[in-house]
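Heads up, data.tsv below (TSV, C-alpha atoms):
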chain	number	residue	atom	x	y	z
A	1	MET	CA	-42.84	-78.29	-13.18
A	2	ASN	CA	-44.39	-77.41	-16.55
A	3	GLU	CA	-47.95	-76.83	-17.70
A	4	THR	CA	-48.70	-80.45	-18.60
A	5	ARG	CA	-47.38	-81.88	-15.34
A	6	HIS	CA	-49.72	-80.41	-12.74
A	7	PRO	CA	-48.96	-80.43	-9.04
A	8	ALA	CA	-50.80	-83.15	-7.12
A	9	GLY	CA	-54.10	-82.13	-5.50
A	10	HIS	CA	-52.75	-82.22	-1.94
A	11	VAL	CA	-49.76	-80.09	-3.00
A	12	LEU	CA	-52.07	-77.50	-4.56
A	13	GLN	CA	-54.16	-77.54	-1.39
A	14	ALA	CA	-51.05	-76.95	0.75
A	15	TYR	CA	-49.97	-74.16	-1.65
A	16	HIS	CA	-53.38	-72.54	-1.28
A	17	ASP	CA	-53.05	-72.78	2.52
A	18	GLY	CA	-49.52	-71.32	2.49
A	19	GLU	CA	-48.10	-74.52	3.94
A	20	LEU	CA	-45.44	-75.45	1.38
A	21	PRO	CA	-41.70	-75.05	1.98
A	22	ALA	CA	-40.30	-71.98	0.18
A	23	ASN	CA	-38.71	-73.80	-2.76
A	24	GLU	CA	-41.78	-75.91	-3.48
A	25	ASP	CA	-44.03	-72.88	-3.04
A	26	ALA	CA	-42.05	-70.96	-5.67
A	27	ALA	CA	-42.21	-73.89	-8.10
A	28	VAL	CA	-46.00	-74.20	-7.78
A	29	ALA	CA	-46.43	-70.43	-8.12
A	30	ALA	CA	-44.39	-70.47	-11.33
A	31	HIS	CA	-46.44	-73.36	-12.70
A	32	CYS	CA	-49.74	-71.68	-11.90
A	33	GLU	CA	-48.74	-68.51	-13.72
A	34	ASP	CA	-48.80	-70.44	-16.99
A	35	CYS	CA	-51.47	-73.02	-16.19
A	36	PRO	CA	-55.15	-71.99	-16.43
A	37	THR	CA	-56.24	-75.44	-15.18
A	38	CYS	CA	-54.40	-75.04	-11.87
A	39	ARG	CA	-55.46	-71.40	-11.56
A	40	THR	CA	-59.08	-72.51	-11.89
A	41	GLU	CA	-58.45	-75.18	-9.28
A	42	LEU	CA	-57.01	-72.56	-6.91
A	43	GLU	CA	-60.00	-70.28	-7.52
A	44	GLU	CA	-62.35	-73.12	-6.63
A	45	LEU	CA	-60.41	-73.83	-3.46
A	46	ALA	CA	-60.65	-70.15	-2.53
A	47	ALA	CA	-64.40	-70.16	-3.23
A	48	MET	CA	-64.88	-73.26	-1.07
A	49	THR	CA	-62.89	-71.64	1.74
A	50	GLY	CA	-65.13	-68.57	1.45
A	51	LEU	CA	-68.26	-70.72	1.69
A	52	LEU	CA	-66.92	-72.44	4.80
A	53	ALA	CA	-65.97	-69.10	6.38
A	54	ALA	CA	-69.53	-67.85	5.82
A	55	SER	CA	-70.90	-70.63	8.00
A	56	PRO	CA	-72.15	-69.25	11.33
A	57	THR	CA	-70.05	-69.78	14.44
A	58	PRO	CA	-71.95	-71.78	17.07
A	59	GLU	CA	-72.44	-69.67	20.18
A	60	LEU	CA	-71.94	-71.19	23.62
A	61	PRO	CA	-75.18	-70.40	25.49
A	62	ARG	CA	-73.54	-70.03	28.93
A	63	THR	CA	-70.10	-70.33	30.45
A	64	VAL	CA	-69.09	-73.80	31.64
A	65	TRP	CA	-66.79	-72.39	34.33
A	66	HIS	CA	-69.21	-72.85	37.22
A	67	ARG	CA	-69.48	-76.54	36.30
A	68	VAL	CA	-65.79	-77.29	35.90
A	69	ARG	CA	-64.09	-75.31	38.65
A	70	PRO	CA	-61.96	-77.54	40.88
A	71	GLY	CA	-64.24	-77.28	43.93
A	72	ARG	CA	-67.12	-78.52	41.81
A	73	ALA	CA	-64.96	-81.35	40.47
A	74	LYS	CA	-64.16	-82.42	44.05
A	75	GLU	CA	-67.88	-82.27	44.93
A	76	SER	CA	-68.76	-84.51	41.99
A	77	ARG	CA	-66.00	-86.93	43.01
A	78	LEU	CA	-67.57	-87.13	46.48
A	79	ARG	CA	-71.03	-87.90	45.11
A	80	PRO	CA	-70.45	-91.63	44.42
A	81	ALA	CA	-69.20	-92.08	48.00
A	82	PHE	CA	-72.35	-90.42	49.35
A	83	GLY	CA	-74.46	-92.60	47.06
A	84	LEU	CA	-72.86	-95.80	48.33
A	85	ALA	CA	-73.28	-94.68	51.95
A	86	ALA	CA	-76.97	-93.91	51.30
A	87	CYS	CA	-77.48	-97.38	49.74
A	88	ALA	CA	-75.82	-99.10	52.70
A	89	ALA	CA	-77.92	-97.09	55.16
A	90	GLY	CA	-81.08	-98.01	53.22
A	91	ILE	CA	-80.28	-101.73	53.35
A	92	ILE	CA	-79.52	-101.63	57.08
A	93	LEU	CA	-82.72	-99.66	57.73
A	94	GLY	CA	-84.64	-102.20	55.69
A	95	PHE	CA	-83.36	-105.05	57.85
A	96	LEU	CA	-84.21	-103.21	61.05
A	97	VAL	CA	-87.65	-101.84	60.13
A	98	GLY	CA	-88.84	-104.68	57.91
A	99	PRO	CA	-89.57	-107.28	60.66
A	100	ILE	CA	-91.46	-104.70	62.76
A	101	ARG	CA	-93.77	-103.81	59.84
A	102	ILE	CA	-94.29	-107.48	58.93
A	103	ALA	CA	-95.28	-108.29	62.52
A	104	ALA	CA	-97.72	-105.36	62.58
A	105	GLU	CA	-99.27	-106.32	59.26
A	106	GLU	CA	-99.60	-110.05	60.03
A	107	SER	CA	-102.58	-109.49	62.31
A	108	SER	CA	-104.65	-107.79	59.58
A	109	ALA	CA	-103.31	-109.81	56.66
A	110	GLU	CA	-105.88	-112.59	56.75
A	111	SER	CA	-108.91	-110.29	56.70
A	112	SER	CA	-107.41	-108.11	53.90
A	113	TRP	CA	-106.79	-111.23	51.82
A	114	SER	CA	-110.31	-112.54	52.16
A	115	GLU	CA	-111.75	-109.08	51.31
A	116	SER	CA	-109.65	-108.91	48.17
A	117	VAL	CA	-110.73	-112.37	47.04
A	118	THR	CA	-114.37	-111.49	47.60
A	119	VAL	CA	-114.13	-108.26	45.57
A	120	TRP	CA	-112.31	-110.02	42.74
A	121	SER	CA	-114.64	-112.99	42.58
A	122	GLY	CA	-117.66	-110.64	42.64
A	123	GLN	CA	-116.31	-108.67	39.65
A	124	ALA	CA	-115.42	-111.85	37.76
A	125	SER	CA	-118.81	-113.44	38.21
A	126	THR	CA	-120.54	-110.20	37.06
A	127	SER	CA	-118.40	-110.16	33.91
A	128	LEU	CA	-119.05	-113.85	33.16
A	129	LEU	CA	-122.76	-113.30	33.56
A	130	ALA	CA	-122.68	-110.38	31.09
A	131	VAL	CA	-120.85	-112.52	28.51
A	132	TYR	CA	-123.30	-115.40	29.00
A	133	GLN	CA	-126.29	-113.08	28.56
A	134	THR	CA	-124.81	-111.54	25.36
A	135	GLY	CA	-124.35	-115.08	23.98
A	136	GLN	CA	-127.95	-115.98	24.76
A	137	GLU	CA	-129.21	-112.95	22.82
B	1	MET	CA	-53.83	-60.43	34.23
B	2	THR	CA	-55.47	-61.81	31.11
B	3	ASP	CA	-52.35	-61.25	28.98
B	4	ARG	CA	-50.64	-64.29	30.48
B	5	THR	CA	-49.87	-66.97	27.89
B	6	ASP	CA	-51.70	-70.29	28.06
B	7	ASP	CA	-48.49	-72.02	29.14
B	8	ARG	CA	-48.00	-69.50	31.93
B	9	LEU	CA	-51.60	-69.92	33.05
B	10	MET	CA	-51.24	-73.70	33.14
B	11	THR	CA	-48.05	-73.42	35.19
B	12	ASP	CA	-49.76	-70.99	37.57
B	13	TYR	CA	-52.79	-73.25	37.91
B	14	VAL	CA	-50.67	-76.31	38.70
B	15	GLY	CA	-48.93	-74.09	41.27
B	16	GLY	CA	-52.27	-73.47	43.00
B	17	ASP	CA	-53.68	-70.38	41.24
B	18	GLU	CA	-57.33	-71.28	40.60
B	19	ASN	CA	-57.97	-67.96	38.88
B	20	ALA	CA	-55.50	-69.02	36.17
B	21	LEU	CA	-57.76	-71.96	35.39
B	22	ARG	CA	-60.76	-69.67	35.21
B	23	ILE	CA	-58.98	-67.50	32.64
B	24	ILE	CA	-58.11	-70.58	30.57
B	25	VAL	CA	-61.71	-71.80	30.61
B	26	GLU	CA	-63.12	-68.39	29.71
B	27	ARG	CA	-60.53	-67.92	26.96
B	28	TRP	CA	-61.06	-71.31	25.33
B	29	GLU	CA	-64.61	-72.47	26.07
B	30	ARG	CA	-66.13	-70.81	22.98
B	31	PRO	CA	-63.62	-72.21	20.46
B	32	VAL	CA	-63.85	-75.65	22.05
B	33	PHE	CA	-67.64	-75.52	21.98
B	34	ALA	CA	-67.70	-74.40	18.32
B	35	PHE	CA	-65.29	-77.19	17.40
B	36	LEU	CA	-67.45	-79.77	19.17
B	37	VAL	CA	-70.66	-78.53	17.54
B	38	ARG	CA	-69.05	-78.89	14.13
B	39	MET	CA	-67.80	-82.35	14.98
B	40	LEU	CA	-71.04	-83.60	16.55
B	41	GLY	CA	-73.80	-81.50	14.97
B	42	SER	CA	-75.51	-81.08	18.34
B	43	PRO	CA	-75.11	-77.95	20.52
B	44	GLU	CA	-76.51	-79.78	23.56
B	45	GLU	CA	-73.99	-82.61	23.35
B	46	ALA	CA	-71.24	-80.14	22.49
B	47	GLU	CA	-71.95	-78.16	25.67
B	48	ASP	CA	-71.71	-81.32	27.80
B	49	LEU	CA	-68.50	-82.40	26.11
B	50	CYS	CA	-67.06	-78.89	26.37
B	51	GLN	CA	-67.51	-79.18	30.13
B	52	ASP	CA	-66.04	-82.70	30.10
B	53	SER	CA	-63.05	-81.51	28.08
B	54	PHE	CA	-62.14	-78.96	30.75
B	55	MET	CA	-62.64	-81.56	33.46
B	56	LYS	CA	-60.14	-83.74	31.58
B	57	LEU	CA	-57.82	-80.75	31.32
B	58	ILE	CA	-57.97	-80.34	35.11
B	59	LYS	CA	-57.16	-84.00	35.68
B	60	ALA	CA	-54.27	-83.94	33.19
B	61	ALA	CA	-52.91	-80.51	34.19
B	62	ASP	CA	-49.99	-82.01	36.15
B	63	ARG	CA	-48.83	-83.85	33.03
B	64	TYR	CA	-48.97	-80.82	30.70
B	65	ARG	CA	-45.58	-79.68	29.45
B	66	PRO	CA	-45.47	-75.95	28.65
B	67	GLU	CA	-43.90	-76.07	25.18
B	68	GLY	CA	-46.18	-73.60	23.42
B	69	LYS	CA	-48.59	-76.26	22.17
B	70	PHE	CA	-51.52	-75.62	24.49
B	71	GLN	CA	-54.06	-75.17	21.69
B	72	SER	CA	-53.13	-78.50	20.07
B	73	TRP	CA	-53.24	-80.21	23.46
B	74	LEU	CA	-56.66	-78.81	24.32
B	75	PHE	CA	-58.13	-79.64	20.90
B	76	ARG	CA	-56.69	-83.13	21.21
B	77	ILE	CA	-58.63	-83.56	24.47
B	78	ALA	CA	-61.80	-82.18	22.87
B	79	GLY	CA	-61.23	-84.28	19.74
B	80	ASN	CA	-60.94	-87.44	21.84
B	81	GLN	CA	-64.19	-86.54	23.56
B	82	ALA	CA	-65.91	-86.02	20.20
B	83	ARG	CA	-64.50	-89.23	18.75
B	84	SER	CA	-65.62	-91.38	21.65
B	85	ARG	CA	-69.10	-89.79	21.52
B	86	LEU	CA	-69.33	-90.40	17.77
B	87	ARG	CA	-68.21	-93.98	18.28
B	88	ARG	CA	-70.90	-94.39	20.87
B	89	ARG	CA	-73.57	-92.94	18.65
B	90	LYS	CA	-72.18	-94.81	15.66
B	91	ILE	CA	-72.85	-91.82	13.50
B	92	LEU	CA	-70.89	-92.15	10.31
B	93	ARG	CA	-73.02	-90.18	7.92
B	94	TRP	CA	-75.29	-87.19	7.99
B	95	LEU	CA	-75.67	-85.17	11.19
B	96	PRO	CA	-78.63	-82.80	11.29
B	97	LEU	CA	-77.81	-79.33	12.58
B	98	THR	CA	-80.27	-77.53	14.80
B	99	ASP	CA	-81.86	-74.10	14.58
B	100	ASP	CA	-79.69	-72.80	17.42
B	101	TYR	CA	-76.66	-73.33	15.25
B	102	ASP	CA	-78.36	-71.90	12.18
B	103	ASN	CA	-79.33	-68.72	14.00
B	104	ALA	CA	-75.84	-67.96	15.28
B	105	PRO	CA	-74.16	-64.91	13.72
B	106	ALA	CA	-71.97	-65.42	10.65
B	107	ARG	CA	-68.22	-65.24	11.24
B	108	ASP	CA	-67.47	-63.18	8.16
B	109	PRO	CA	-70.49	-61.38	6.66
B	110	ASP	CA	-68.46	-60.24	3.62
B	111	ALA	CA	-67.91	-63.85	2.62
B	112	LEU	CA	-71.66	-64.22	2.14
B	113	THR	CA	-71.59	-62.28	-1.13
B	114	ASP	CA	-71.38	-65.42	-3.25
B	115	LEU	CA	-74.10	-67.24	-1.35
B	116	THR	CA	-77.76	-67.41	-2.12
B	117	GLY	CA	-78.55	-67.31	1.60
B	118	LYS	CA	-79.36	-69.65	4.43
B	119	GLU	CA	-80.16	-72.55	2.11
B	120	GLU	CA	-76.65	-72.59	0.72
B	121	ARG	CA	-75.08	-72.24	4.17
B	122	ASP	CA	-77.16	-75.20	5.29
B	123	LEU	CA	-75.88	-77.21	2.34
B	124	VAL	CA	-72.30	-76.43	3.33
B	125	GLN	CA	-72.88	-77.35	6.98
B	126	GLU	CA	-74.56	-80.59	6.01
B	127	ALA	CA	-71.78	-81.43	3.57
B	128	VAL	CA	-69.17	-80.84	6.30
B	129	ALA	CA	-71.17	-83.03	8.67
B	130	ARG	CA	-71.20	-85.84	6.08
B	131	LEU	CA	-67.42	-85.93	5.77
B	132	PRO	CA	-65.58	-88.89	7.28
B	133	GLU	CA	-64.65	-88.10	10.89
B	134	ARG	CA	-60.92	-87.49	10.42
B	135	GLN	CA	-61.35	-85.41	7.28
B	136	ARG	CA	-63.96	-83.35	9.13
B	137	GLN	CA	-61.70	-82.88	12.14
B	138	ALA	CA	-58.74	-81.72	10.02
B	139	LEU	CA	-60.94	-79.42	7.95
B	140	VAL	CA	-62.69	-77.86	10.97
B	141	LEU	CA	-59.36	-77.24	12.73
B	142	LYS	CA	-57.92	-75.62	9.59
B	143	GLN	CA	-60.89	-73.63	8.34
B	144	TYR	CA	-62.49	-72.51	11.59
B	145	HIS	CA	-59.65	-72.52	14.11
B	146	ASP	CA	-56.81	-71.55	11.80
B	147	LEU	CA	-54.43	-74.23	13.04
B	148	SER	CA	-51.29	-74.85	10.98
B	149	TYR	CA	-50.74	-78.25	9.39
B	150	GLN	CA	-48.18	-79.03	12.11
B	151	GLU	CA	-50.64	-78.06	14.86
B	152	ILE	CA	-53.36	-80.20	13.26
B	153	ALA	CA	-50.91	-83.09	13.06
B	154	ASP	CA	-50.05	-82.64	16.76
B	155	THR	CA	-53.75	-82.45	17.67
B	156	MET	CA	-54.68	-85.55	15.69
B	157	GLY	CA	-51.55	-87.54	16.52
B	158	THR	CA	-50.51	-87.88	12.89
B	159	THR	CA	-48.03	-86.47	10.35
B	160	VAL	CA	-48.13	-83.27	8.31
B	161	ALA	CA	-48.24	-85.38	5.12
B	162	SER	CA	-51.31	-87.15	6.42
B	163	VAL	CA	-52.95	-83.81	7.25
B	164	GLN	CA	-52.28	-82.65	3.68
B	165	MET	CA	-54.09	-85.70	2.34
B	166	LEU	CA	-56.98	-85.39	4.80
B	167	LEU	CA	-57.54	-81.76	3.87
B	168	HIS	CA	-57.25	-82.37	0.15
B	169	ARG	CA	-59.71	-85.28	0.27
B	170	GLY	CA	-62.04	-83.38	2.56
B	171	MET	CA	-62.16	-80.32	0.31
B	172	SER	CA	-62.58	-82.47	-2.82
B	173	ALA	CA	-65.43	-84.38	-1.18
B	174	LEU	CA	-67.11	-81.12	-0.14
B	175	ARG	CA	-66.93	-79.69	-3.64
B	176	LYS	CA	-68.34	-82.86	-5.21
B	177	ASP	CA	-71.07	-83.09	-2.59
B	178	LEU	CA	-72.13	-79.47	-3.07
B	179	ALA	CA	-72.02	-79.75	-6.87
B	180	ALA	CA	-74.27	-82.83	-6.69
B	181	ARG	CA	-76.74	-81.07	-4.34
B	182	ARG	CA	-76.90	-78.01	-6.58
B	183	ASP	CA	-77.58	-80.23	-9.59
B	184	GLU	CA	-80.39	-81.94	-7.65
B	185	GLY	CA	-81.84	-78.53	-6.77

When written as structure tokens, how does the structure in this file appear?
Amino acid sequence: MNETRHPAGHVLQAYHDGELPANEDAAVAAHCEDCPTCRTELEELAAMTGLLAASPTPELPRTVWHRVRPGRAKESRLRPAFGLAACAAGIILGFLVGPIRIAAEESSAESSWSESVTVWSGQASTSLLAVYQTGQE
Amino acid sequence: MTDRTDDRLMTDYVGGDENALRIIVERWERPVFAFLVRMLGSPEEAEDLCQDSFMKLIKAADRYRPEGKFQSWLFRIAGNQARSRLRRRKILRWLPLTDDYDNAPARDPDALTDLTGKEERDLVQEAVARLPERQRQALVLKQYHDLSYQEIADTMGTTVASVQMLLHRGMSALRKDLAARRDEG
């Protein structure tokens, strides 16, 4: 490896990281002694590594242990079963209670309906009258 | 007994020692969380996925083989979590980093000597976040978790040669990105 034949970029990176096999490491070291281009490249890699190291380490706000311990995992596995049971109970309850409520409401339904229609038609006619009067002006 | 190795703790946990699991979680939750923040850019999501990663560990504990590769195994679980979340979010480019992350203490204060301050650290974080996912994963595991190339390869399910290329491309991209940002500034 001479000065004009530089090591490939990934080889220089591995050399910088101390990840080359001994023989290859020695060859790159020898090349870099005589090669200002590769020495500059290594200096830039070291500077970039320094910049990355200066980045703050994210801090975990609280331990996750209480949420992952096995008992908790079993509890969370049980939750879907409880949910399904609750849904089934709700449906059954709906079938049982529904007819009773309908029967109780049927007696008052007719009067409620007629009251609602009266209120609505009263409001509508008031609004129509206001529009008509505005148009006349 | 906190001096037990990770392999020993896993064996003890599978044998019924719940305290062994607690030690594992308390030993590794911070590195896993930091890794996930750097992969996702969001401390909130990282905390959720940190929890999920340990839940996965519990489920897979029976299948773990104690061969001294616990760290790679755990980071593989966390990496899979991060990758599936990123896929879901379809985030391929810039990930904004929050104030919580910015306000965390620096790992090595001496390394700040060449920086102009928070602005430059932000540029670095943003440049890391813009890296393609696999380059970012390899770089984060190397630079912040000090994994060897072989351990990174084990974690990412690839070869050492591939890790070399990922790291080289990642570092080159970072340098170009930062040079361009400085020129803009």

Can you work out which one of A:Glu33, A:Asp25, A:Glu43, A:Glu19 has the shortest atom-to-atom distance to chain B, counting all atoms listed in the file?
->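 Of A:Glu33, A:Asp25, A:Glu43, A:Glu19, the one nearest chain B, counting all atoms listed in the file, is A:Glu19.
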
For atom CA of Glu151 of chain B and atom CA of Thr40 of chain A, determine how far apart the two atoms are, in Å to one decimal place.
->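 That distance, rounded to one decimal, is 28.6 Å.
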
Up to 6 Å from chain B, what residues of chain A turn up? Count all atoms listed in the file and give them as a ChimeraX atom specification.
-> /A:10,13,50,54-58,60,64,68

Residues just named, written with C-alpha atoms as a short mmCIF file (atom, residue, chain, number, x, y, z; two decimals), keeping the file's coordinate frame:
data_model
loop_
_atom_site.label_atom_id
_atom_site.label_comp_id
_atom_site.auth_asym_id
_atom_site.auth_seq_id
_atom_site.Cartn_x
_atom_site.Cartn_y
_atom_site.Cartn_z
CA HIS A 10 -52.75 -82.22 -1.94
CA GLN A 13 -54.16 -77.54 -1.39
CA GLY A 50 -65.13 -68.57 1.45
CA ALA A 54 -69.53 -67.85 5.82
CA SER A 55 -70.90 -70.63 8.00
CA PRO A 56 -72.15 -69.25 11.33
CA THR A 57 -70.05 -69.78 14.44
CA PRO A 58 -71.95 -71.78 17.07
CA LEU A 60 -71.94 -71.19 23.62
CA VAL A 64 -69.09 -73.80 31.64
CA VAL A 68 -65.79 -77.29 35.90
#

Distance of atom CA of Trp28 of chain B from atom CA of Ile77 of chain B, expressed in Å to one decimal place =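 A separation of 12.5 Å between them.
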
Choose the residue, out of B:Leu147, B:Ala180, B:Met156, B:Leu9, that has the smallest atom-to-atom separation from Ala78 of chain B; count only C-alpha atoms.
->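 Smallest separation from Ala78 of chain B among the options: B:Met156.
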
Would you kindly place N, CA, C and O atoms on segment 22-45 of chain B and return the model as an mmCIF file, keeping the file's coordinate frame?
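The resulting file, out05.cif, is shown below:
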data_model
loop_
_atom_site.group_PDB
_atom_site.id
_atom_site.type_symbol
_atom_site.label_atom_id
_atom_site.label_comp_id
_atom_site.auth_asym_id
_atom_site.auth_seq_id
_atom_site.Cartn_x
_atom_site.Cartn_y
_atom_site.Cartn_z
ATOM 1 N N ARG B 22 -59.549 -70.386 35.645
ATOM 2 C CA ARG B 22 -60.760 -69.670 35.210
ATOM 3 C C ARG B 22 -60.494 -68.896 33.909
ATOM 4 O O ARG B 22 -61.314 -68.895 32.995
ATOM 5 N N ILE B 23 -59.332 -68.262 33.852
ATOM 6 C CA ILE B 23 -58.980 -67.500 32.640
ATOM 7 C C ILE B 23 -58.862 -68.453 31.436
ATOM 8 O O ILE B 23 -59.342 -68.151 30.343
ATOM 9 N N ILE B 24 -58.249 -69.600 31.659
ATOM 10 C CA ILE B 24 -58.110 -70.580 30.570
ATOM 11 C C ILE B 24 -59.485 -71.012 30.065
ATOM 12 O O ILE B 24 -59.739 -71.035 28.864
ATOM 13 N N VAL B 25 -60.369 -71.345 30.998
ATOM 14 C CA VAL B 25 -61.710 -71.800 30.610
ATOM 15 C C VAL B 25 -62.426 -70.699 29.837
ATOM 16 O O VAL B 25 -62.989 -70.941 28.759
ATOM 17 N N GLU B 26 -62.398 -69.480 30.364
ATOM 18 C CA GLU B 26 -63.120 -68.390 29.710
ATOM 19 C C GLU B 26 -62.495 -68.008 28.358
ATOM 20 O O GLU B 26 -63.180 -67.555 27.459
ATOM 21 N N ARG B 27 -61.208 -68.232 28.223
ATOM 22 C CA ARG B 27 -60.530 -67.920 26.960
ATOM 23 C C ARG B 27 -60.845 -68.971 25.885
ATOM 24 O O ARG B 27 -60.960 -68.655 24.713
ATOM 25 N N TRP B 28 -60.994 -70.224 26.306
ATOM 26 C CA TRP B 28 -61.060 -71.310 25.330
ATOM 27 C C TRP B 28 -62.413 -71.996 25.213
ATOM 28 O O TRP B 28 -62.606 -72.831 24.335
ATOM 29 N N GLU B 29 -63.359 -71.705 26.097
ATOM 30 C CA GLU B 29 -64.610 -72.470 26.070
ATOM 31 C C GLU B 29 -65.395 -72.265 24.772
ATOM 32 O O GLU B 29 -66.010 -73.199 24.258
ATOM 33 N N ARG B 30 -65.367 -71.059 24.229
ATOM 34 C CA ARG B 30 -66.130 -70.810 22.980
ATOM 35 C C ARG B 30 -65.521 -71.529 21.784
ATOM 36 O O ARG B 30 -66.243 -72.206 21.050
ATOM 37 N N PRO B 31 -64.187 -71.433 21.569
ATOM 38 C CA PRO B 31 -63.620 -72.210 20.460
ATOM 39 C C PRO B 31 -63.820 -73.718 20.612
ATOM 40 O O PRO B 31 -64.114 -74.405 19.627
ATOM 41 N N VAL B 32 -63.681 -74.215 21.836
ATOM 42 C CA VAL B 32 -63.850 -75.650 22.050
ATOM 43 C C VAL B 32 -65.294 -76.066 21.762
ATOM 44 O O VAL B 32 -65.555 -77.081 21.102
ATOM 45 N N PHE B 33 -66.230 -75.238 22.235
ATOM 46 C CA PHE B 33 -67.640 -75.520 21.980
ATOM 47 C C PHE B 33 -67.937 -75.511 20.481
ATOM 48 O O PHE B 33 -68.594 -76.421 19.954
ATOM 49 N N ALA B 34 -67.451 -74.494 19.773
ATOM 50 C CA ALA B 34 -67.700 -74.400 18.320
ATOM 51 C C ALA B 34 -67.115 -75.613 17.597
ATOM 52 O O ALA B 34 -67.756 -76.180 16.699
ATOM 53 N N PHE B 35 -65.924 -76.009 17.995
ATOM 54 C CA PHE B 35 -65.290 -77.190 17.400
ATOM 55 C C PHE B 35 -66.169 -78.433 17.619
ATOM 56 O O PHE B 35 -66.418 -79.219 16.692
ATOM 57 N N LEU B 36 -66.655 -78.582 18.843
ATOM 58 C CA LEU B 36 -67.450 -79.770 19.170
ATOM 59 C C LEU B 36 -68.796 -79.767 18.446
ATOM 60 O O LEU B 36 -69.276 -80.817 18.019
ATOM 61 N N VAL B 37 -69.398 -78.595 18.299
ATOM 62 C CA VAL B 37 -70.660 -78.530 17.540
ATOM 63 C C VAL B 37 -70.422 -78.989 16.104
ATOM 64 O O VAL B 37 -71.199 -79.765 15.543
ATOM 65 N N ARG B 38 -69.319 -78.530 15.524
ATOM 66 C CA ARG B 38 -69.050 -78.890 14.130
ATOM 67 C C ARG B 38 -68.672 -80.358 13.989
ATOM 68 O O ARG B 38 -68.888 -80.966 12.941
ATOM 69 N N MET B 39 -68.131 -80.921 15.043
ATOM 70 C CA MET B 39 -67.800 -82.350 14.980
ATOM 71 C C MET B 39 -69.034 -83.224 15.219
ATOM 72 O O MET B 39 -69.177 -84.289 14.634
ATOM 73 N N LEU B 40 -69.922 -82.759 16.106
ATOM 74 C CA LEU B 40 -71.040 -83.600 16.550
ATOM 75 C C LEU B 40 -72.379 -83.228 15.924
ATOM 76 O O LEU B 40 -73.287 -84.055 15.851
ATOM 77 N N GLY B 41 -72.531 -81.953 15.540
ATOM 78 C CA GLY B 41 -73.800 -81.500 14.970
ATOM 79 C C GLY B 41 -74.854 -81.204 16.017
ATOM 80 O O GLY B 41 -75.980 -80.879 15.660
ATOM 81 N N SER B 42 -74.511 -81.287 17.296
ATOM 82 C CA SER B 42 -75.510 -81.080 18.340
ATOM 83 C C SER B 42 -74.989 -80.105 19.392
ATOM 84 O O SER B 42 -74.050 -80.438 20.128
ATOM 85 N N PRO B 43 -75.573 -78.909 19.506
ATOM 86 C CA PRO B 43 -75.110 -77.950 20.520
ATOM 87 C C PRO B 43 -75.254 -78.481 21.952
ATOM 88 O O PRO B 43 -74.420 -78.176 22.804
ATOM 89 N N GLU B 44 -76.299 -79.266 22.201
ATOM 90 C CA GLU B 44 -76.510 -79.780 23.560
ATOM 91 C C GLU B 44 -75.376 -80.731 23.957
ATOM 92 O O GLU B 44 -74.786 -80.619 25.035
ATOM 93 N N GLU B 45 -75.085 -81.671 23.063
ATOM 94 C CA GLU B 45 -73.990 -82.610 23.350
ATOM 95 C C GLU B 45 -72.654 -81.877 23.411
ATOM 96 O O GLU B 45 -71.796 -82.206 24.227
#
